[in-house]
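*Asks:* Please read through the structure below; I'll follow up with questions.
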Amino acid sequence: MLDRGAIMEIIPHRDPFLLVDRVLEFEPGVSAVAELDVRDDAFWVPGHFPGHPVMPGVLIVEAMAQVGAVALLSRSENAGKIVFFAGIDQVRFKRQVSVGDTLTMHVAITRMRGKVGFGEAKALVGDALACSGQLMFAVE
């Protein structure tokens with residue numbers, strides 16, 4: 001398991017935009033499973049939505065992309081590089097994610113074409129699917 005410190009050694013994201021608290025398992029270049037504890041001190045809570053905080057969908061997708069970046073950048077040949085978001089397809093939101101939830105994200109890299117990678121991602125709260133979609137990454 002990787003904690004936030006170890007995650008920051010792999011990907012360049014930092015607070016308040018690091019959206020991964022721990023990596024539960026990963027296979028370099030292949031897949032990663034990670035969690036985010038959705039806390040009441042998150043930067044988006046006061047404004048989305050006052051009195052009823054719901055994690056913005058775009059941040060759920062970003063969190064999944066960061067998990068994919070962990071999988072890609074943990075390969076020795078990618079160490080120290082940056083992975084950019086290159087595209088998203090067929091993203092669907094199935095459940096709200098709220099303060100107090102733990103978001104578990106699974107990302108599997110399905111193929112690489114040169115420096116461009118493609119992955120299948122899903123985010124769950126407990127056993128309930130919150131979001132799924134296809135992600136595209138560009139390795140610097």
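Identifiers in this document derive from the order of the structure tokens: chains are assigned A, B, ..., residues are numbered from 1 separately in each chain, and ligands are numbered from 1 in order of occurrence.
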Find the spatial neighbours of Arg22 (chain A), counting only C-alpha atoms, within a cut-off of 6 Å - ignore same-chain residues fewer than 3 positions away - and output them as a PyMOL selection string.
*Replies:* chain A and resi 2-4+34-35
*Asks:* Take the residues just selected and output them with N, CA and C atoms as a PDB file, in the first residue's frame.
*Replies:*
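Saved as result.pdb:
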ATOM      1  N   LEU A   2       0.498   2.236  -0.784  1.00  0.00           N
ATOM      2  CA  LEU A   2       1.220   3.507  -0.842  1.00  0.00           C
ATOM      3  C   LEU A   2       0.398   4.584  -0.150  1.00  0.00           C
ATOM      4  N   ASP A   3       1.050   5.375   0.710  1.00  0.00           N
ATOM      5  CA  ASP A   3       0.379   6.515   1.338  1.00  0.00           C
ATOM      6  C   ASP A   3       0.581   7.751   0.466  1.00  0.00           C
ATOM      7  N   ARG A   4       0.048   8.888   0.914  1.00  0.00           N
ATOM      8  CA  ARG A   4       0.133  10.127   0.116  1.00  0.00           C
ATOM      9  C   ARG A   4       1.576  10.513  -0.191  1.00  0.00           C
ATOM     10  N   ALA A  34      -7.057   2.479  -5.879  1.00  0.00           N
ATOM     11  CA  ALA A  34      -6.734   3.493  -4.870  1.00  0.00           C
ATOM     12  C   ALA A  34      -8.003   4.033  -4.230  1.00  0.00           C
ATOM     13  N   GLU A  35      -7.815   4.757  -3.129  1.00  0.00           N
ATOM     14  CA  GLU A  35      -8.952   5.331  -2.404  1.00  0.00           C
ATOM     15  C   GLU A  35      -8.745   6.814  -2.136  1.00  0.00           C
TER      16      GLU A  35
END
*Asks:* May I have the residues within 12 Å of Leu135 (chain A) as number ranges by chain, using only C-alpha atoms and disregarding those fewer than 6 positions away in the same chain?
*Replies:* A: 61-69, 83-91, 106-112, 116-122
*Asks:* Nearest to Lys115 (chain A) among A:Lys81, A:Arg39, A:Arg95, A:His13, with distances taken over only C-alpha atoms: which residue is it?
*Replies:* A:Lys81
*Asks:* In chain A, what's alpha helix (DSSP H) per DSSP? Answer as a list of chain:residue names?
*Replies:* A:Arg4, A:Gly5, A:Ala6, A:Ile7, A:Met8, A:Glu9, A:Ile10, A:Gly57, A:Val58, A:Leu59, A:Ile60, A:Val61, A:Glu62, A:Ala63, A:Met64, A:Ala65, A:Gln66, A:Val67, A:Gly68, A:Ala69, A:Val70, A:Ala71, A:Leu72, A:Leu73
*Asks:* What lies within 8 Å of region 8-11 of chain A using only C-alpha atoms, ignoring chain neighbours under 5 positions off, as a ChimeraX atom specification?
*Replies:* /A:66,69-70,73-74,79-80,82
*Asks:* Quick check for you: according to DSSP on this backbone, which residues of chain A are classed as strand (DSSP E)? Reply as a PyMOL selection string.
*Replies:* chain A and resi 22-27+31-37+83-93+102-113+116-125+128-139
*Asks:* Considering only C-alpha atoms, can you say which of A:Pro56, A:Phe43, A:Ala71, A:Gly114 comes closest to Ala130 (chain A)?
*Replies:* A:Pro56
*Asks:* Report, in Å to a single decimal, how far apart CA of Val20 (chain A) and CA of Gly57 (chain A) are.
*Replies:*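 Pair CA of Gly57 (chain A) / CA of Val20 (chain A) returns 15.2 Å.
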*Asks:* Skip Leu36 (chain A) itself and residues of its chain fewer than 3 positions away, then list as a PyMOL selection string all residues within 8 Å of it, counting only C-alpha atoms.
*Replies:* chain A and resi 19-22+102-104
*Asks:* May I ask which of the residues A:Val125, A:Val139, A:Ala6, A:Val97 is the closest one to His48 (chain A), counting only C-alpha atoms?
*Replies:*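 Looking only at the distances to His48 (chain A), the closest residue turns out to be A:Val97.
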